[in-house]
>>> print(open('data-v1.csv').read())   # CSV, C-alpha atoms and all ligand atoms
chain,number,residue,atom,x,y,z
A,100,MET,CA,132.3,124.8,113.1
A,101,THR,CA,132.2,124.9,109.3
A,102,LEU,CA,129.4,123.4,107.4
A,103,LEU,CA,131.9,120.8,106.1
A,104,GLN,CA,132.7,119.6,109.6
A,105,ALA,CA,129.0,119.7,110.6
A,106,ALA,CA,128.1,117.4,107.9
A,107,VAL,CA,129.9,114.3,109.2
A,108,PRO,CA,128.1,112.8,111.0
A,109,HIS,CA,125.4,115.3,111.8
A,110,PRO,CA,124.0,115.0,115.3
A,111,SER,CA,121.4,117.7,114.5
A,112,PRO,CA,120.1,118.6,111.1
A,113,ILE,CA,121.5,121.7,109.4
A,114,PHE,CA,118.0,123.0,108.7
A,115,SER,CA,115.8,122.9,111.8
A,116,GLN,CA,112.7,123.1,109.6
A,117,ARG,CA,112.1,120.7,106.6
A,118,VAL,CA,113.0,122.4,103.3
A,119,MET,CA,110.2,121.1,101.2
A,120,LEU,CA,109.9,120.3,97.6
A,121,GLY,CA,107.3,122.2,95.6
A,122,GLN,CA,106.6,125.8,94.7
A,123,HIS,CA,104.2,126.7,97.6
A,124,ASN,CA,103.2,130.0,96.1
A,125,VAL,CA,100.5,131.6,98.2
A,126,PRO,CA,99.2,135.1,98.2
A,127,SER,CA,99.4,137.5,101.2
A,128,TRP,CA,96.8,136.9,103.8
A,129,ASP,CA,95.1,140.2,103.0
A,130,ARG,CA,94.6,139.4,99.3
A,131,TYR,CA,93.4,135.9,100.1
A,132,GLU,CA,90.9,137.1,102.8
A,133,ALA,CA,89.5,139.8,100.4
A,134,ALA,CA,89.0,137.2,97.7
A,135,MET,CA,87.3,134.8,100.1
A,136,ARG,CA,85.1,137.5,101.6
A,137,ASP,CA,84.0,138.4,98.0
A,138,ILE,CA,82.9,134.8,97.4
A,139,PHE,CA,81.0,134.6,100.7
A,140,GLU,CA,79.2,137.8,100.1
A,141,ARG,CA,78.1,136.7,96.7
A,142,ARG,CA,77.1,133.3,98.0
A,143,TYR,CA,78.1,131.5,94.8
A,144,TYR,CA,80.7,128.9,95.5
A,145,THR,CA,80.9,126.6,92.5
A,146,ASN,CA,79.4,125.6,89.1
A,147,GLN,CA,81.1,127.9,86.6
A,148,GLY,CA,80.9,131.0,88.8
A,149,PRO,CA,82.2,134.5,87.9
A,150,LEU,CA,85.7,133.8,89.2
A,151,ALA,CA,86.1,130.5,87.4
A,152,ARG,CA,85.0,132.2,84.1
A,153,ARG,CA,87.3,135.1,84.7
A,154,PHE,CA,90.2,132.7,85.4
A,155,GLU,CA,89.5,130.9,82.2
A,156,GLU,CA,89.5,134.2,80.2
A,157,ARG,CA,92.7,135.3,81.8
A,158,LEU,CA,94.4,132.0,81.0
A,159,GLN,CA,93.2,132.1,77.4
A,160,ASP,CA,94.9,135.5,77.1
A,161,PHE,CA,98.0,134.3,78.9
A,162,LEU,CA,98.4,131.1,76.9
A,163,VAL,CA,97.1,132.6,73.6
A,164,VAL,CA,94.7,129.7,73.1
A,165,ARG,CA,91.0,129.8,72.1
A,166,HIS,CA,89.6,127.7,75.0
A,167,VAL,CA,90.6,127.0,78.6
A,168,VAL,CA,88.3,124.7,80.6
A,169,CYS,CA,89.2,124.9,84.3
A,170,VAL,CA,88.8,121.7,86.4
A,171,THR,CA,89.6,120.5,89.9
A,172,ASN,CA,92.8,118.5,89.2
A,173,VAL,CA,95.0,117.2,86.4
A,174,THR,CA,93.8,113.6,86.6
A,175,ILE,CA,90.2,114.5,85.9
A,176,GLY,CA,91.4,116.9,83.1
A,177,LEU,CA,93.2,114.1,81.4
A,178,MET,CA,90.2,111.8,81.7
A,179,MET,CA,88.0,114.4,80.2
A,180,ALA,CA,90.5,115.1,77.4
A,181,ILE,CA,90.8,111.4,76.5
A,182,GLU,CA,87.0,111.0,76.6
A,183,ALA,CA,86.4,114.2,74.5
A,184,LEU,CA,88.8,112.9,71.8
A,185,GLY,CA,87.1,109.5,71.8
A,186,VAL,CA,90.4,107.7,72.3
A,187,HIS,CA,90.2,104.0,72.9
A,188,GLY,CA,92.7,101.2,72.4
A,189,ARG,CA,96.5,101.5,72.5
A,190,VAL,CA,98.0,104.9,73.3
A,191,LEU,CA,101.7,105.9,73.3
A,192,VAL,CA,102.9,107.3,76.6
A,193,PRO,CA,106.4,108.3,77.7
A,194,GLY,CA,107.9,106.0,80.3
A,195,VAL,CA,108.9,109.1,82.3
A,196,SER,CA,105.5,110.6,83.1
A,197,ASN,CA,103.2,110.7,86.0
A,198,THR,CA,101.0,107.7,86.8
A,199,ALA,CA,98.0,109.9,86.4
A,200,ALA,CA,98.4,109.5,82.6
A,201,ARG,CA,98.1,105.8,82.7
A,202,HIS,CA,95.2,105.8,85.2
A,203,ALA,CA,93.3,108.4,83.1
A,204,LEU,CA,93.7,106.1,80.1
A,205,ALA,CA,92.5,103.1,82.2
A,206,TRP,CA,89.3,105.1,83.3
A,207,CYS,CA,88.6,105.6,79.6
A,208,GLY,CA,89.2,102.0,78.6
A,209,ALA,CA,92.5,102.8,76.8
A,210,GLU,CA,95.8,101.0,77.2
A,211,PRO,CA,99.2,102.7,77.6
A,212,VAL,CA,102.1,101.6,75.4
A,213,PHE,CA,105.2,103.0,77.0
A,214,CYS,CA,108.0,104.7,74.9
A,215,ASP,CA,111.5,105.3,76.0
A,216,VAL,CA,112.7,108.9,76.5
A,217,ASP,CA,115.7,111.1,75.6
A,218,PRO,CA,118.6,110.5,78.0
A,219,VAL,CA,119.5,114.2,78.2
A,220,SER,CA,116.1,115.8,78.7
A,221,GLY,CA,114.1,112.9,80.0
A,222,HIS,CA,111.3,113.8,77.6
A,223,LEU,CA,109.7,111.9,74.7
A,224,SER,CA,111.3,112.5,71.3
A,225,VAL,CA,110.0,111.5,67.9
A,226,ALA,CA,112.6,108.7,67.8
A,227,GLY,CA,111.2,107.3,71.1
A,228,ALA,CA,107.6,107.5,69.8
A,229,GLN,CA,108.6,106.0,66.4
A,230,ALA,CA,110.3,103.0,68.1
A,231,ALA,CA,107.1,102.1,70.0
A,232,HIS,CA,104.6,102.8,67.3
A,233,ASP,CA,102.7,100.1,65.4
A,234,ASP,CA,99.5,100.0,63.4
A,235,GLN,CA,97.4,99.4,66.5
A,236,ILE,CA,98.3,102.7,68.1
A,237,LYS,CA,95.4,105.1,68.3
A,238,ALA,CA,96.8,108.2,69.9
A,239,LEU,CA,99.8,109.8,71.6
A,240,LEU,CA,99.6,111.1,75.2
A,241,GLY,CA,102.9,113.1,75.7
A,242,ALA,CA,104.2,114.8,78.8
A,243,ASN,CA,105.8,118.2,79.4
A,244,LEU,CA,107.5,118.0,82.7
A,245,TRP,CA,109.5,120.0,85.3
A,246,GLY,CA,109.2,123.3,83.6
A,247,ASP,CA,110.5,121.9,80.4
A,248,ALA,CA,108.8,120.5,77.3
A,249,SER,CA,109.0,117.6,74.9
A,250,ALA,CA,109.5,118.1,71.2
A,251,ALA,CA,105.8,118.9,71.1
A,252,PRO,CA,105.7,120.5,67.6
A,253,MET,CA,107.5,117.5,66.1
A,254,LEU,CA,105.4,114.9,68.1
A,255,THR,CA,102.2,116.7,66.9
A,256,ALA,CA,103.4,116.4,63.3
A,257,PHE,CA,104.4,112.8,63.9
A,258,ALA,CA,100.9,112.0,65.2
A,259,ALA,CA,99.1,114.0,62.5
A,260,ALA,CA,101.0,112.1,59.8
A,261,ARG,CA,99.6,108.9,61.2
A,262,GLY,CA,96.1,110.3,61.7
A,263,MET,CA,96.3,110.0,65.5
A,264,PRO,CA,95.2,112.6,68.0
A,265,VAL,CA,97.8,113.9,70.4
A,266,LEU,CA,97.4,115.4,73.8
A,267,PHE,CA,99.9,116.4,76.5
A,268,ASP,CA,100.0,116.1,80.2
A,269,SER,CA,101.7,119.5,80.7
A,270,ALA,CA,101.0,119.6,84.5
A,271,HIS,CA,104.3,121.3,85.3
A,272,SER,CA,104.8,123.6,82.4
A,273,LEU,CA,102.5,126.6,82.7
A,274,GLY,CA,104.2,129.7,81.1
A,275,CYS,CA,106.9,127.6,79.3
A,276,GLU,CA,107.5,128.4,75.6
A,277,ILE,CA,108.6,126.4,72.6
A,278,ALA,CA,109.7,128.5,69.7
A,279,GLY,CA,107.7,131.5,70.9
A,280,ARG,CA,104.5,129.5,71.6
A,281,ARG,CA,103.3,128.7,75.1
A,282,VAL,CA,102.9,125.2,76.3
A,283,GLY,CA,99.1,124.7,76.2
A,284,THR,CA,98.8,125.4,72.5
A,285,PHE,CA,100.2,122.1,71.1
A,286,GLY,CA,98.4,118.9,70.0
A,287,GLN,CA,94.6,118.7,70.1
A,288,ILE,CA,94.4,119.2,73.9
A,289,GLU,CA,96.8,119.9,76.8
A,290,VAL,CA,96.2,119.7,80.5
A,291,LEU,CA,98.1,122.1,82.8
A,292,GLY,CA,98.3,121.8,86.6
A,293,PHE,CA,97.8,124.3,89.5
A,294,GLY,CA,98.8,122.2,92.5
A,295,GLU,CA,101.0,123.4,95.3
A,296,GLY,CA,104.0,122.0,93.6
A,297,ASP,CA,103.3,124.1,90.5
A,298,ILE,CA,104.2,127.7,89.7
A,299,LEU,CA,100.6,128.7,89.6
A,300,ASN,CA,98.8,127.5,92.7
A,301,ALA,CA,95.0,127.2,92.6
A,302,ALA,CA,94.9,124.7,95.5
A,303,GLY,CA,95.1,121.7,93.2
A,304,GLY,CA,93.2,122.9,90.1
A,305,ALA,CA,94.0,122.3,86.5
A,306,CYS,CA,92.9,123.4,83.1
A,307,VAL,CA,92.3,121.7,79.8
A,308,THR,CA,93.2,123.8,76.7
A,309,THR,CA,92.3,123.5,73.1
A,310,ASP,CA,92.0,125.6,69.9
A,311,ASP,CA,89.2,123.4,68.6
A,312,ASP,CA,85.7,124.7,69.2
A,313,GLU,CA,84.0,121.3,68.9
A,314,LEU,CA,86.4,119.7,71.4
A,315,ALA,CA,85.9,122.6,73.8
A,316,ALA,CA,82.1,122.2,73.7
A,317,ARG,CA,82.5,118.5,74.4
A,318,LEU,CA,84.9,119.2,77.3
A,319,ARG,CA,82.5,121.7,78.9
A,320,ASN,CA,79.7,119.2,78.6
A,321,ILE,CA,81.8,116.3,80.0
A,322,ARG,CA,83.0,118.5,82.9
A,323,SER,CA,79.7,118.3,84.7
A,324,SER,CA,76.2,117.0,84.1
A,325,TYR,CA,75.0,120.6,84.4
A,326,GLY,CA,77.2,121.4,81.3
A,327,ALA,CA,78.3,124.9,80.4
A,328,GLY,CA,78.2,126.8,77.2
A,329,ARG,CA,76.7,125.2,74.1
A,330,PRO,CA,75.0,121.9,74.9
A,331,VAL,CA,76.4,119.0,72.8
A,332,PRO,CA,75.7,115.3,73.3
A,333,VAL,CA,78.3,113.4,75.2
A,334,VAL,CA,78.4,109.7,76.3
A,335,LYS,CA,79.7,110.3,79.8
A,336,THR,CA,79.9,113.3,82.2
A,337,SER,CA,82.1,113.7,85.2
A,338,ASN,CA,82.4,116.2,87.9
A,339,GLY,CA,85.5,118.3,87.4
A,340,ARG,CA,84.0,121.8,88.1
A,341,MET,CA,86.5,124.2,89.5
A,342,SER,CA,85.2,125.9,92.7
A,343,GLU,CA,85.2,129.7,93.1
A,344,ALA,CA,87.7,129.3,96.0
A,345,GLN,CA,90.2,127.6,93.6
A,346,ALA,CA,89.6,130.1,90.9
A,347,ALA,CA,90.2,133.0,93.3
A,348,LEU,CA,93.5,131.6,94.4
A,349,GLY,CA,94.4,130.9,90.8
A,350,LEU,CA,93.7,134.5,89.7
A,351,LEU,CA,95.9,135.8,92.5
A,352,SER,CA,98.6,133.4,91.6
A,353,LEU,CA,98.4,134.4,88.0
A,354,ASP,CA,99.0,138.0,89.0
A,355,ASP,CA,102.2,136.8,90.8
A,356,PHE,CA,103.4,134.6,87.9
A,357,ALA,CA,106.2,136.9,86.6
A,358,VAL,CA,107.6,137.5,90.1
A,359,ASN,CA,107.6,133.8,90.9
A,360,ARG,CA,109.2,132.8,87.7
A,361,LYS,CA,111.9,135.4,88.2
A,362,ARG,CA,112.6,134.0,91.7
A,363,ASN,CA,112.8,130.4,90.3
A,364,ARG,CA,115.2,131.6,87.6
A,365,ILE,CA,117.6,133.1,90.2
A,366,LEU,CA,117.4,129.9,92.3
A,367,PHE,CA,117.9,127.7,89.2
A,368,ASP,CA,121.0,129.7,88.2
A,369,ALA,CA,122.4,129.4,91.7
A,370,TYR,CA,122.0,125.6,91.7
A,371,LEU,CA,123.5,125.4,88.2
A,372,SER,CA,126.6,127.4,89.0
A,373,GLN,CA,127.2,125.7,92.4
A,374,LEU,CA,126.6,122.1,91.3
A,375,ARG,CA,128.7,122.5,88.1
A,376,GLY,CA,131.8,121.8,90.2
A,377,VAL,CA,130.4,118.6,91.8
A,378,ALA,CA,131.6,115.6,89.7
A,379,GLY,CA,128.8,113.1,89.0
A,380,ILE,CA,125.9,115.6,89.4
A,381,ARG,CA,124.2,117.1,86.3
A,382,VAL,CA,121.5,119.7,86.6
A,383,VAL,CA,118.9,118.7,84.0
A,384,GLU,CA,118.5,122.0,82.1
A,385,PRO,CA,115.4,122.9,80.0
A,386,HIS,CA,115.8,121.4,76.6
A,387,GLY,CA,112.6,121.5,74.6
A,388,ALA,CA,111.4,124.7,76.3
A,389,ALA,CA,113.2,127.8,75.1
A,390,VAL,CA,111.5,129.7,78.0
A,391,SER,CA,111.1,127.7,81.3
A,392,ASN,CA,109.1,128.5,84.4
A,393,HIS,CA,112.0,126.7,86.4
A,394,GLN,CA,109.4,125.2,88.8
A,395,SER,CA,111.5,122.1,89.4
A,396,LEU,CA,115.2,121.4,89.9
A,397,VAL,CA,116.0,118.0,88.5
A,398,CYS,CA,119.5,116.5,88.8
A,399,ALA,CA,121.0,113.3,87.3
A,400,VAL,CA,123.4,111.4,89.6
A,401,ASP,CA,126.2,109.4,88.1
A,402,GLU,CA,126.8,107.1,90.9
A,403,ARG,CA,130.2,105.8,89.6
A,404,VAL,CA,131.6,109.4,89.6
A,405,PHE,CA,129.7,110.9,92.5
A,406,GLY,CA,130.4,108.0,94.8
A,407,LEU,CA,126.9,107.7,96.2
A,408,SER,CA,123.7,106.4,94.7
A,409,ARG,CA,120.7,108.7,94.1
A,410,ASP,CA,118.9,107.0,96.9
A,411,ARG,CA,121.8,107.4,99.4
A,412,LEU,CA,122.0,111.1,98.4
A,413,ILE,CA,118.2,111.5,99.1
A,414,ASP,CA,118.8,109.9,102.6
A,415,ARG,CA,121.8,112.1,103.2
A,416,LEU,CA,119.8,115.3,102.4
A,417,SER,CA,116.9,114.1,104.4
A,418,ALA,CA,119.1,113.8,107.5
A,419,ASP,CA,119.7,117.5,107.2
A,420,ASN,CA,115.9,118.1,106.7
A,421,ILE,CA,116.1,118.7,103.0
A,422,GLU,CA,113.4,117.0,101.0
A,423,ALA,CA,114.6,115.4,97.8
A,424,ARG,CA,112.7,112.8,95.7
A,425,ALA,CA,113.1,110.5,92.8
A,426,VAL,CA,111.4,111.7,89.6
A,427,ASP,CA,108.1,110.0,88.7
A,428,VAL,CA,108.0,107.2,86.1
A,429,ALA,CA,104.7,105.9,84.7
A,430,GLN,CA,104.9,102.6,86.4
A,431,ASP,CA,107.3,99.8,87.5
A,432,ILE,CA,108.9,99.3,84.1
A,433,ASP,CA,110.5,95.9,84.9
A,434,GLY,CA,108.7,93.2,83.0
A,435,LEU,CA,107.3,95.4,80.2
A,436,ALA,CA,107.1,93.8,76.8
A,437,ARG,CA,109.5,96.4,75.4
A,438,PRO,CA,112.4,97.3,77.6
A,439,LEU,CA,112.9,101.0,78.3
A,440,PRO,CA,116.5,101.3,79.3
A,441,THR,CA,116.7,105.1,79.5
A,442,THR,CA,113.5,105.3,81.5
A,443,GLY,CA,114.9,102.7,83.9
A,444,HIS,CA,118.2,104.6,84.2
A,445,ILE,CA,116.3,107.9,85.0
A,446,ALA,CA,114.0,106.1,87.5
A,447,ALA,CA,117.1,105.0,89.4
A,448,SER,CA,119.3,108.0,89.1
A,449,TRP,CA,117.4,111.3,88.8
A,450,LEU,CA,116.1,113.4,91.7
A,451,MET,CA,114.4,116.6,92.5
A,452,LEU,CA,115.7,119.3,94.9
A,453,PRO,CA,113.8,122.1,96.6
A,454,ILE,CA,113.1,125.2,94.6
A,455,GLY,CA,110.2,127.5,95.4
A,456,ALA,CA,108.8,130.2,97.6
A,457,HIS,CA,110.4,129.0,100.9
A,458,VAL,CA,113.9,128.6,99.3
A,459,ASP,CA,116.5,131.4,99.0
A,460,VAL,CA,119.9,131.6,97.5
A,461,ALA,CA,121.7,131.1,100.8
A,462,MET,CA,119.7,127.8,101.3
A,463,VAL,CA,120.6,126.7,97.8
A,464,ALA,CA,124.3,127.3,98.7
A,465,THR,CA,123.9,125.1,101.8
A,466,VAL,CA,122.1,122.3,99.9
A,467,CYS,CA,124.9,122.4,97.2
A,468,GLU,CA,127.6,122.3,99.8
A,469,ILE,CA,126.0,119.3,101.5
A,470,ILE,CA,125.8,117.6,98.2
A,471,GLY,CA,129.5,118.4,97.5
A,472,THR,CA,130.5,117.2,100.9
A,473,ALA,CA,128.5,114.0,100.6
A,474,SER,CA,130.5,113.2,97.5
A,475,LEU,CA,133.8,113.9,99.2
A,476,GLN,CA,132.9,111.7,102.2
A,477,ALA,CA,131.7,108.9,99.9
A,478,ASP,CA,135.3,108.7,98.8
A,479,GLY,CA,134.6,106.0,96.3
A,480,ALA,CA,133.1,103.8,99.0
A,481,SER,CA,130.4,101.4,98.2
A,482,VAL,CA,126.9,102.8,97.8
R,501,LIG,C1,103.0,115.4,85.5
R,501,LIG,C2,101.8,115.1,86.4
R,501,LIG,N1,100.6,114.8,85.8
R,501,LIG,C3,99.5,114.6,86.6
R,501,LIG,C4,99.6,114.7,87.9
R,501,LIG,C5,98.3,114.4,88.7
R,501,LIG,O1,97.8,115.7,89.2
R,501,LIG,P1,96.5,115.8,90.1
R,501,LIG,O2,97.0,115.4,91.5
R,501,LIG,O3,96.2,117.3,90.0
R,501,LIG,O4,95.5,114.9,89.6
R,501,LIG,C6,100.7,115.0,88.6
R,501,LIG,C7,100.8,115.1,90.0
R,501,LIG,O5,101.8,115.4,90.7
R,501,LIG,C8,101.9,115.3,87.8
R,501,LIG,O6,103.1,115.6,88.4
>>> encode(input="data-v1.csv", output="structure tokens")
Amino acid sequence: MTLLQAAVPHPSPIFSQRVMLGQHNVPSWDRYEAAMRDIFERRYYTNQGPLARRFEERLQDFLVVRHVVCVTNVTIGLMMAIEALGVHGRVLVPGVSNTAARHALAWCGAEPVFCDVDPVSGHLSVAGAQAAHDDQIKALLGANLWGDASAAPMLTAFAAARGMPVLFDSAHSLGCEIAGRRVGTFGQIEVLGFGEGDILNAAGGACVTTDDDELAARLRNIRSSYGAGRPVPVVKTSNGRMSEAQAALGLLSLDDFAVNRKRNRILFDAYLSQLRGVAGIRVVEPHGAAVSNHQSLVCAVDERVFGLSRDRLIDRLSADNIEARAVDVAQDIDGLARPLPTTGHIAASWLMLPIGAHVDVAMVATVCEIIGTASLQADGASV
């Protein structure tokens, strides 16, 4: 039985185990066990321990940035960044971004003003920021998503010209480069993520980056009431300390970064070449980032050409145990004061496909064949 025949209808899924989204980069058990034993023998588990400090130093070198402040997750990193910058009032945020950005603003008493995004890359451009800007806007919170990047240098210049601070939620884009500079070095502050879905896995950690010594001192004092480094007065503290266990995993994952990026690139190229022949499917290629970590595989579905809606395709893949998911948008955009047509289109038609440690080239071929077959079977039928 060929795969084509098996796909209609499929009494049993083609993959017996769920093919999950996310990078899922974990070290070998031996390396993990040695790292954990080291922590237990030292009996120092948290609060700016030696591994957290080493991880920060390694990241500073890797990103080529003056300060890296490691924290437990991206959301707290964003909250700390907004607080350290003293941002209040109305803040520009791309419509295509994670809800964490708007929630972090809410925690800091700031209000998101959503901007529409570029239809090819899904990222904020200067034109999108300009269209939403008015005299009441106090800052710009951009996003670098899916192993790609926004027009960060141009957005930074746009904000500087208007006297606004700019920060980026760069959760997905560790190791990506814009014109020879790594993401993590743009704007006043960036926040990069180390969740299971990210190329660098520190069991959900994150880091806040800045080249500004004063901001870094504020961030280290906001991170916990114990502070760290030079004490400076801050209004509020939080608890975003990275544990030694997270830092140990992060260090191991940083060692593996080049290998994991290479694997992602091979898988990305396989998707690109095999989906090129499927009418109505476009792999969203990195646009702002000259070098990508390829940690996500994003596709745009043109329902009229493909024959199935994005959601029907997700269901179809799910029936064969392949996890696919709509890309995140900041919130339900219906009813916003300013319409965001491109954000709305992306929210309805873009999806993410599995790419990561548990995916290989043969699996990519199968996923692509199922997608091609789904299109043929749709045969122009209603979606
Ligand atoms: C772009 C982006 N920003 C922020 C977050 C929130 O991250 P965390 O769960 O580490 O707070 C996520 C989570 O998926 C994300 O994808």
>>> residues_near_ligand(input="data-v1.csv", ligand="ligand LIG 501 (chain R)", cutoff="7 Å", atoms="only C-alpha atoms and all ligand atoms", output="number ranges by chain")
A: 172-175, 196-197, 199-200, 242, 244, 268-271, 292, 294, 303-305
>>> write_last_selection(input="data-v1.csv", atoms="C-alpha atoms", output="PDB file, in the frame of the given file")
ATOM      1  CA  ASN A 172      92.800 118.500  89.200  1.00  0.00           C
ATOM      2  CA  VAL A 173      95.000 117.200  86.400  1.00  0.00           C
ATOM      3  CA  THR A 174      93.800 113.600  86.600  1.00  0.00           C
ATOM      4  CA  ILE A 175      90.200 114.500  85.900  1.00  0.00           C
ATOM      5  CA  SER A 196     105.500 110.600  83.100  1.00  0.00           C
ATOM      6  CA  ASN A 197     103.200 110.700  86.000  1.00  0.00           C
ATOM      7  CA  ALA A 199      98.000 109.900  86.400  1.00  0.00           C
ATOM      8  CA  ALA A 200      98.400 109.500  82.600  1.00  0.00           C
ATOM      9  CA  ALA A 242     104.200 114.800  78.800  1.00  0.00           C
ATOM     10  CA  LEU A 244     107.500 118.000  82.700  1.00  0.00           C
ATOM     11  CA  ASP A 268     100.000 116.100  80.200  1.00  0.00           C
ATOM     12  CA  SER A 269     101.700 119.500  80.700  1.00  0.00           C
ATOM     13  CA  ALA A 270     101.000 119.600  84.500  1.00  0.00           C
ATOM     14  CA  HIS A 271     104.300 121.300  85.300  1.00  0.00           C
ATOM     15  CA  GLY A 292      98.300 121.800  86.600  1.00  0.00           C
ATOM     16  CA  GLY A 294      98.800 122.200  92.500  1.00  0.00           C
ATOM     17  CA  GLY A 303      95.100 121.700  93.200  1.00  0.00           C
ATOM     18  CA  GLY A 304      93.200 122.900  90.100  1.00  0.00           C
ATOM     19  CA  ALA A 305      94.000 122.300  86.500  1.00  0.00           C
TER      20      ALA A 305
END
>>> closest_atom_pairs(input="data-v1.csv", of="segment 405-437 of chain A", to="segment 120-143 of chain A", cutoff="10 Å", atoms="all atoms listed in the file", output="Markdown table")
| residue | atom | partner | partner_atom | distance |
| --- | --- | --- | --- | --- |
| A:Ile421 | CA | A:Leu120 | CA | 8.4 |
| A:Glu422 | CA | A:Leu120 | CA | 5.9 |
| A:Ala423 | CA | A:Leu120 | CA | 6.8 |
| A:Arg424 | CA | A:Leu120 | CA | 8.2 |
>>> closest_residue(input="data-v1.csv", among="A:Glu182, A:Asp368, A:Glu402, A:Glu289", to="Val307 of chain A", atoms="only C-alpha atoms")
A:Glu289
>>> axis_aligned_box(input="data-v1.csv", around="segment 300-310 of chain A", padding_each_side="6 Å", output="lines of an AutoDock Vina configuration file")
center_x = 95.4
center_y = 124.6
center_z = 82.7
size_x = 18.8
size_y = 17.8
size_z = 37.6
>>> atom_distance(input="data-v1.csv", atom1="atom CA of Ile365 of chain A", atom2="atom CA of Leu273 of chain A")
18.1 Å
>>> atom_distance(input="data-v1.csv", atom1="atom CA of Leu439 of chain A", atom2="atom CA of Gly227 of chain A")
9.7 Å
>>> decode(input="data-v1.csv", residues="segment 443-466 of chain A", atoms="C-alpha atoms", output="PDB file, in the first residue's frame")
ATOM      1  CA  GLY A 443      -6.021  38.705  10.687  1.00  0.00           C
ATOM      2  CA  HIS A 444      -5.052  36.909   7.487  1.00  0.00           C
ATOM      3  CA  ILE A 445      -1.999  35.336   9.120  1.00  0.00           C
ATOM      4  CA  ALA A 446      -4.018  34.312  12.181  1.00  0.00           C
ATOM      5  CA  ALA A 447      -6.388  32.429   9.882  1.00  0.00           C
ATOM      6  CA  SER A 448      -3.983  30.902   7.380  1.00  0.00           C
ATOM      7  CA  TRP A 449      -0.462  30.301   8.759  1.00  0.00           C
ATOM      8  CA  LEU A 450       0.613  27.180  10.607  1.00  0.00           C
ATOM      9  CA  MET A 451       3.662  25.568  12.151  1.00  0.00           C
ATOM     10  CA  LEU A 452       4.919  22.086  11.270  1.00  0.00           C
ATOM     11  CA  PRO A 453       7.234  19.826  13.299  1.00  0.00           C
ATOM     12  CA  ILE A 454      10.971  20.488  13.066  1.00  0.00           C
ATOM     13  CA  GLY A 455      13.381  19.460  15.807  1.00  0.00           C
ATOM     14  CA  ALA A 456      15.319  16.728  17.543  1.00  0.00           C
ATOM     15  CA  HIS A 457      12.724  13.992  17.018  1.00  0.00           C
ATOM     16  CA  VAL A 458      12.200  14.746  13.296  1.00  0.00           C
ATOM     17  CA  ASP A 459      14.310  13.355  10.462  1.00  0.00           C
ATOM     18  CA  VAL A 460      14.384  13.886   6.709  1.00  0.00           C
ATOM     19  CA  ALA A 461      12.285  10.775   6.030  1.00  0.00           C
ATOM     20  CA  MET A 462       9.595  12.081   8.387  1.00  0.00           C
ATOM     21  CA  VAL A 463       9.637  15.436   6.630  1.00  0.00           C
ATOM     22  CA  ALA A 464       9.093  13.614   3.322  1.00  0.00           C
ATOM     23  CA  THR A 465       6.094  11.790   4.794  1.00  0.00           C
ATOM     24  CA  VAL A 466       4.594  14.982   6.255  1.00  0.00           C
TER      25      VAL A 466
END
